[in-house]
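K.L.:
Compact mmCIF, C-alpha atoms, saved as protein14.txt, coming up:
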# COMPACT_ATOMS: atom_id res chain seq x y z
CA MET A 5 241.38 48.90 92.69
CA SER A 6 239.18 49.12 95.71
CA SER A 7 239.89 47.13 98.80
CA ARG A 8 237.53 44.67 100.43
CA LYS A 9 236.60 47.14 103.19
CA GLU A 10 235.71 49.85 100.66
CA ARG A 11 233.51 47.47 98.70
CA LYS A 12 231.82 46.36 101.93
CA LYS A 13 231.13 50.01 102.84
CA LYS A 14 229.63 50.62 99.39
CA LYS A 15 227.42 47.55 99.73
CA LEU A 16 226.23 48.67 103.17
CA LEU A 17 225.42 52.12 101.75
CA LEU A 18 223.44 50.48 98.94
CA ILE A 19 221.58 48.37 101.52
CA ILE A 20 220.58 51.53 103.39
CA ILE A 21 219.44 53.18 100.14
CA SER A 22 217.42 50.12 99.17
CA CYS A 23 215.76 50.12 102.62
CA PHE A 24 214.79 53.73 101.94
CA VAL A 25 213.36 52.66 98.54
CA PHE A 26 211.44 49.90 100.33
CA GLY A 27 209.92 52.57 102.59
CA ILE A 28 208.93 54.67 99.58
CA GLY A 29 207.28 51.63 98.00
CA TYR A 30 205.43 50.91 101.23
CA TYR A 31 204.20 54.52 101.41
CA ILE A 32 203.04 54.43 97.79
CA LEU A 33 201.28 51.10 98.29
CA ASN A 34 199.48 51.88 101.55
CA GLU A 35 198.95 55.65 101.47
CA VAL A 36 198.96 57.03 97.93
CA SER A 37 196.95 54.17 96.44
CA THR A 38 194.14 54.72 98.97
CA TRP A 39 193.53 58.32 97.95
CA TYR A 40 190.31 59.01 96.10
CA GLU A 41 191.73 60.95 93.13
CA VAL A 42 195.16 59.65 92.12
CA PRO A 43 196.71 61.19 88.96
CA LEU A 44 197.73 57.94 87.22
CA GLY A 45 195.19 55.62 88.77
CA VAL A 46 195.15 53.37 91.78
CA THR A 47 196.33 50.27 89.92
CA PHE A 48 199.49 52.00 88.73
CA HIS A 49 200.43 53.01 92.27
CA VAL A 50 199.72 49.54 93.67
CA ILE A 51 201.94 47.94 91.03
CA LEU A 52 204.65 50.59 91.49
CA GLY A 53 204.67 50.18 95.28
CA CYS A 54 204.79 46.39 95.11
CA THR A 55 207.56 46.48 92.51
CA LEU A 56 209.71 48.88 94.55
CA MET A 57 209.26 46.78 97.67
CA ALA A 58 210.01 43.50 95.90
CA VAL A 59 213.11 44.69 94.06
CA SER A 60 214.64 46.41 97.06
CA GLY A 61 213.83 43.46 99.34
CA ILE A 62 215.44 40.96 96.98
CA TYR A 63 218.50 43.18 96.62
CA VAL A 64 218.91 43.55 100.39
CA VAL A 65 218.64 39.80 101.01
CA TYR A 66 221.04 38.95 98.17
CA THR A 67 223.61 41.55 99.20
CA ILE A 68 223.53 40.61 102.87
CA LYS A 69 224.01 36.98 101.89
CA LYS A 70 227.00 37.84 99.67
CA VAL A 71 228.67 40.21 102.15
CA PHE A 72 228.22 38.39 105.44
CA PHE A 73 227.61 34.73 104.63
CA THR A 74 230.22 33.87 102.02
CA LYS A 75 231.73 30.41 101.94
CA ARG A 76 235.44 30.32 101.46
CA SER A 77 236.72 27.57 99.24
CA LYS A 78 239.30 25.28 100.74
CA ARG A 79 242.65 25.25 99.04
CA THR A 80 243.59 21.90 97.65
CA ARG A 81 247.01 20.77 96.65
CA HIS A 82 247.02 19.49 93.12
CA THR A 83 248.98 16.33 92.45
CA TYR A 84 250.03 15.45 88.98
CA LEU A 85 251.04 12.09 87.58
CA ASP A 86 254.54 13.29 86.76
CA ASP A 87 255.22 14.14 90.41
CA ASN A 88 254.04 10.72 91.56
CA LEU A 89 256.18 8.89 88.99
CA LYS A 90 259.32 10.81 90.00
CA ASN A 91 258.73 10.11 93.68
CA THR A 92 258.25 6.36 93.17
CA LYS A 93 261.34 5.98 90.96
CA SER A 94 263.63 7.72 93.45
CA GLU A 95 262.62 5.40 96.29
Would you encode the structure as structure tokens?

P.N.:
Amino acid sequence: MSSRKERKKKKLLLIIISCFVFGIGYYILNEVSTWYEVPLGVTFHVILGCTLMAVSGIYVVYTIKKVFFTKRSKRTRHTYLDDNLKNTKSE
């Protein structure tokens, strides 16, 4: 079982990797797709670059939200009817 710190380190590593993927998508979109003779066609590289940028961007935003901006639920004390009946009878 991994601890919370280890999971946080893994998530931060994945954020760095997805930022690198975002850079690759940006390079494909702005540089490779502007070349005159592209092996698979310009449209393929535009779609590939946009897809890489979108997926990695969504993953980074979602992961940062989960890691750093989590809401902790407040603990509530549950009261049951049996407890209330016992307390009122004893008084």

K.L.:
Using only C-alpha atoms, which residue out of A:Asn34, A:Ser77, A:Thr67, A:Thr47 lies closest to Arg11 in chain A?

P.N.:
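Nearest to Arg11 in chain A: A:Thr67.
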
K.L.:
I'd like the interatomic distance between CA of Leu16 in chain A and CA of Ile68 in chain A, to a tenth of an Å.

P.N.:
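According to the coordinates, CA of Leu16 in chain A and CA of Ile68 in chain A are separated by 8.5 Å.
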
K.L.:
Please provide as a list in words all residues within 10 Å of Lys15 in chain A, with the sequence filter that same-chain residues fewer than 3 positions apart are discarded (counting only C-alpha atoms).

P.N.:
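Listing them by chain and then by number gives Lys9, Glu10, Arg11, Lys12, Leu18, Ile19, Ile20, Ile21, Val64, Thr67, Ile68, Lys70 and Val71 of chain A.
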
K.L.:
Keeping only C-alpha atoms, write the selected residues as an mmCIF file, in the frame of the given file.

P.N.:
data_model
loop_
_atom_site.group_PDB
_atom_site.id
_atom_site.type_symbol
_atom_site.label_atom_id
_atom_site.label_comp_id
_atom_site.auth_asym_id
_atom_site.auth_seq_id
_atom_site.Cartn_x
_atom_site.Cartn_y
_atom_site.Cartn_z
ATOM 1 C CA LYS A 9 236.600 47.140 103.190
ATOM 2 C CA GLU A 10 235.710 49.850 100.660
ATOM 3 C CA ARG A 11 233.510 47.470 98.700
ATOM 4 C CA LYS A 12 231.820 46.360 101.930
ATOM 5 C CA LEU A 18 223.440 50.480 98.940
ATOM 6 C CA ILE A 19 221.580 48.370 101.520
ATOM 7 C CA ILE A 20 220.580 51.530 103.390
ATOM 8 C CA ILE A 21 219.440 53.180 100.140
ATOM 9 C CA VAL A 64 218.910 43.550 100.390
ATOM 10 C CA THR A 67 223.610 41.550 99.200
ATOM 11 C CA ILE A 68 223.530 40.610 102.870
ATOM 12 C CA LYS A 70 227.000 37.840 99.670
ATOM 13 C CA VAL A 71 228.670 40.210 102.150
#

K.L.:
Check the smallest atom-to-atom distance from each of A:Thr74, A:Ser37, A:Ser7, A:Ser22 to Gly53 in chain A using all atoms listed in the file, then report the winner.

P.N.:
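Of A:Thr74, A:Ser37, A:Ser7, A:Ser22, the one nearest Gly53 in chain A, counting all atoms listed in the file, is A:Ser37.
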
K.L.:
Smallest atom-to-atom distance to Phe26 in chain A: which of A:Leu44, A:Cys54, A:Lys14, A:Ser6, using all atoms listed in the file?

P.N.:
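Closest candidate: A:Cys54.
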
K.L.:
Which value, in Å to one decimal, gives the distance between CA of Gly61 in chain A and CA of Pro43 in chain A?

P.N.:
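Between CA of Gly61 in chain A and CA of Pro43 in chain A the gap works out to 26.7 Å.
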
K.L.:
Report, in Å with one decimal, the straight-line distance from CA of Tyr63 in chain A to CA of Val50 in chain A.

P.N.:
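CA of Val50 in chain A lies 20.0 Å from CA of Tyr63 in chain A.
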
K.L.:
Excluding same-chain residues fewer than 2 positions from Tyr31 in chain A, what lies within 12 Å of it counting all atoms listed in the file, as a list of chain:residue names?

P.N.:
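Contacts, with the query itself left out: A:Phe24, A:Val25, A:Phe26, A:Gly27, A:Ile28, A:Gly29, A:Leu33, A:Asn34, A:Glu35, A:Val36, A:Ser37, A:Thr38, A:Trp39, A:His49, A:Val50, A:Leu52, A:Gly53, A:Cys54, A:Leu56, A:Met57.
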
K.L.:
For all heavy atoms, please extract range 29-40 of chain A from the block and return it as a PDB file, in the first residue's frame.

P.N.:
ATOM      1  N   GLY A  29       2.953  18.022 -28.517  1.00  0.00           N
ATOM      2  CA  GLY A  29       1.763  18.358 -29.299  1.00  0.00           C
ATOM      3  C   GLY A  29       1.856  19.747 -29.899  1.00  0.00           C
ATOM      4  O   GLY A  29       1.473  19.977 -31.045  1.00  0.00           O
ATOM      5  N   TYR A  30       2.385  20.691 -29.119  1.00  0.00           N
ATOM      6  CA  TYR A  30       2.564  22.060 -29.613  1.00  0.00           C
ATOM      7  C   TYR A  30       3.563  22.089 -30.770  1.00  0.00           C
ATOM      8  O   TYR A  30       3.354  22.774 -31.767  1.00  0.00           O
ATOM      9  CB  TYR A  30       3.043  22.955 -28.472  1.00  0.00           C
ATOM     10  CG  TYR A  30       3.208  24.397 -28.863  1.00  0.00           C
ATOM     11  CD1 TYR A  30       2.108  25.230 -28.958  1.00  0.00           C
ATOM     12  CD2 TYR A  30       4.471  24.923 -29.148  1.00  0.00           C
ATOM     13  CE1 TYR A  30       2.246  26.563 -29.319  1.00  0.00           C
ATOM     14  CE2 TYR A  30       4.626  26.246 -29.514  1.00  0.00           C
ATOM     15  CZ  TYR A  30       3.514  27.063 -29.597  1.00  0.00           C
ATOM     16  OH  TYR A  30       3.658  28.371 -29.959  1.00  0.00           O
ATOM     17  N   TYR A  31       4.655  21.339 -30.644  1.00  0.00           N
ATOM     18  CA  TYR A  31       5.653  21.274 -31.709  1.00  0.00           C
ATOM     19  C   TYR A  31       5.049  20.675 -32.977  1.00  0.00           C
ATOM     20  O   TYR A  31       5.255  21.188 -34.085  1.00  0.00           O
ATOM     21  CB  TYR A  31       6.859  20.451 -31.250  1.00  0.00           C
ATOM     22  CG  TYR A  31       7.901  20.284 -32.317  1.00  0.00           C
ATOM     23  CD1 TYR A  31       8.751  21.329 -32.652  1.00  0.00           C
ATOM     24  CD2 TYR A  31       8.040  19.082 -33.002  1.00  0.00           C
ATOM     25  CE1 TYR A  31       9.703  21.192 -33.645  1.00  0.00           C
ATOM     26  CE2 TYR A  31       8.986  18.929 -33.986  1.00  0.00           C
ATOM     27  CZ  TYR A  31       9.819  19.983 -34.307  1.00  0.00           C
ATOM     28  OH  TYR A  31      10.759  19.840 -35.282  1.00  0.00           O
ATOM     29  N   ILE A  32       4.295  19.584 -32.815  1.00  0.00           N
ATOM     30  CA  ILE A  32       3.674  18.949 -33.978  1.00  0.00           C
ATOM     31  C   ILE A  32       2.681  19.906 -34.638  1.00  0.00           C
ATOM     32  O   ILE A  32       2.625  20.018 -35.870  1.00  0.00           O
ATOM     33  CB  ILE A  32       2.984  17.627 -33.576  1.00  0.00           C
ATOM     34  CG1 ILE A  32       4.044  16.573 -33.231  1.00  0.00           C
ATOM     35  CG2 ILE A  32       2.075  17.109 -34.673  1.00  0.00           C
ATOM     36  CD1 ILE A  32       3.471  15.300 -32.661  1.00  0.00           C
ATOM     37  N   LEU A  33       1.911  20.602 -33.828  1.00  0.00           N
ATOM     38  CA  LEU A  33       0.883  21.491 -34.375  1.00  0.00           C
ATOM     39  C   LEU A  33       1.487  22.693 -35.096  1.00  0.00           C
ATOM     40  O   LEU A  33       1.071  23.044 -36.196  1.00  0.00           O
ATOM     41  CB  LEU A  33      -0.040  21.973 -33.258  1.00  0.00           C
ATOM     42  CG  LEU A  33      -1.162  22.916 -33.668  1.00  0.00           C
ATOM     43  CD1 LEU A  33      -2.126  22.211 -34.615  1.00  0.00           C
ATOM     44  CD2 LEU A  33      -1.888  23.416 -32.439  1.00  0.00           C
ATOM     45  N   ASN A  34       2.486  23.321 -34.505  1.00  0.00           N
ATOM     46  CA  ASN A  34       2.999  24.568 -35.078  1.00  0.00           C
ATOM     47  C   ASN A  34       4.196  24.401 -36.010  1.00  0.00           C
ATOM     48  O   ASN A  34       4.407  25.252 -36.878  1.00  0.00           O
ATOM     49  CB  ASN A  34       3.373  25.544 -33.962  1.00  0.00           C
ATOM     50  CG  ASN A  34       2.140  26.108 -33.308  1.00  0.00           C
ATOM     51  OD1 ASN A  34       1.115  26.251 -33.940  1.00  0.00           O
ATOM     52  ND2 ASN A  34       2.252  26.415 -32.035  1.00  0.00           N
ATOM     53  N   GLU A  35       4.974  23.367 -35.856  1.00  0.00           N
ATOM     54  CA  GLU A  35       6.169  23.211 -36.697  1.00  0.00           C
ATOM     55  C   GLU A  35       5.988  22.149 -37.775  1.00  0.00           C
ATOM     56  O   GLU A  35       6.160  22.421 -38.952  1.00  0.00           O
ATOM     57  CB  GLU A  35       7.383  22.872 -35.824  1.00  0.00           C
ATOM     58  CG  GLU A  35       7.764  23.957 -34.834  1.00  0.00           C
ATOM     59  CD  GLU A  35       8.216  25.228 -35.538  1.00  0.00           C
ATOM     60  OE1 GLU A  35       8.861  25.133 -36.600  1.00  0.00           O
ATOM     61  OE2 GLU A  35       7.910  26.305 -35.007  1.00  0.00           O
ATOM     62  N   VAL A  36       5.663  20.934 -37.375  1.00  0.00           N
ATOM     63  CA  VAL A  36       5.606  19.825 -38.331  1.00  0.00           C
ATOM     64  C   VAL A  36       4.472  20.029 -39.334  1.00  0.00           C
ATOM     65  O   VAL A  36       4.623  19.734 -40.519  1.00  0.00           O
ATOM     66  CB  VAL A  36       5.457  18.484 -37.575  1.00  0.00           C
ATOM     67  CG1 VAL A  36       5.304  17.321 -38.539  1.00  0.00           C
ATOM     68  CG2 VAL A  36       6.655  18.255 -36.670  1.00  0.00           C
ATOM     69  N   SER A  37       3.349  20.552 -38.863  1.00  0.00           N
ATOM     70  CA  SER A  37       2.217  20.699 -39.782  1.00  0.00           C
ATOM     71  C   SER A  37       2.423  21.824 -40.799  1.00  0.00           C
ATOM     72  O   SER A  37       1.685  21.905 -41.780  1.00  0.00           O
ATOM     73  CB  SER A  37       0.931  20.950 -38.997  1.00  0.00           C
ATOM     74  OG  SER A  37       1.009  22.166 -38.305  1.00  0.00           O
ATOM     75  N   THR A  38       3.416  22.680 -40.601  1.00  0.00           N
ATOM     76  CA  THR A  38       3.666  23.746 -41.570  1.00  0.00           C
ATOM     77  C   THR A  38       4.695  23.350 -42.625  1.00  0.00           C
ATOM     78  O   THR A  38       4.935  24.133 -43.545  1.00  0.00           O
ATOM     79  CB  THR A  38       4.152  25.025 -40.858  1.00  0.00           C
ATOM     80  OG1 THR A  38       5.344  24.729 -40.132  1.00  0.00           O
ATOM     81  CG2 THR A  38       3.091  25.555 -39.917  1.00  0.00           C
ATOM     82  N   TRP A  39       5.284  22.175 -42.506  1.00  0.00           N
ATOM     83  CA  TRP A  39       6.219  21.737 -43.530  1.00  0.00           C
ATOM     84  C   TRP A  39       5.478  21.480 -44.836  1.00  0.00           C
ATOM     85  O   TRP A  39       4.297  21.167 -44.860  1.00  0.00           O
ATOM     86  CB  TRP A  39       6.942  20.466 -43.106  1.00  0.00           C
ATOM     87  CG  TRP A  39       7.845  20.650 -41.915  1.00  0.00           C
ATOM     88  CD1 TRP A  39       8.271  21.807 -41.363  1.00  0.00           C
ATOM     89  CD2 TRP A  39       8.401  19.597 -41.141  1.00  0.00           C
ATOM     90  NE1 TRP A  39       9.070  21.554 -40.286  1.00  0.00           N
ATOM     91  CE2 TRP A  39       9.176  20.205 -40.126  1.00  0.00           C
ATOM     92  CE3 TRP A  39       8.352  18.212 -41.180  1.00  0.00           C
ATOM     93  CZ2 TRP A  39       9.878  19.470 -39.176  1.00  0.00           C
ATOM     94  CZ3 TRP A  39       9.046  17.487 -40.245  1.00  0.00           C
ATOM     95  CH2 TRP A  39       9.805  18.118 -39.256  1.00  0.00           C
ATOM     96  N   TYR A  40       6.210  21.570 -45.926  1.00  0.00           N
ATOM     97  CA  TYR A  40       5.593  21.424 -47.251  1.00  0.00           C
ATOM     98  C   TYR A  40       5.234  19.965 -47.532  1.00  0.00           C
ATOM     99  O   TYR A  40       4.123  19.660 -47.940  1.00  0.00           O
ATOM    100  CB  TYR A  40       6.520  21.971 -48.329  1.00  0.00           C
ATOM    101  CG  TYR A  40       5.919  21.931 -49.694  1.00  0.00           C
ATOM    102  CD1 TYR A  40       4.866  22.773 -50.032  1.00  0.00           C
ATOM    103  CD2 TYR A  40       6.393  21.056 -50.659  1.00  0.00           C
ATOM    104  CE1 TYR A  40       4.294  22.735 -51.273  1.00  0.00           C
ATOM    105  CE2 TYR A  40       5.836  21.008 -51.909  1.00  0.00           C
ATOM    106  CZ  TYR A  40       4.784  21.848 -52.219  1.00  0.00           C
ATOM    107  OH  TYR A  40       4.219  21.817 -53.463  1.00  0.00           O
TER     108      TYR A  40
END
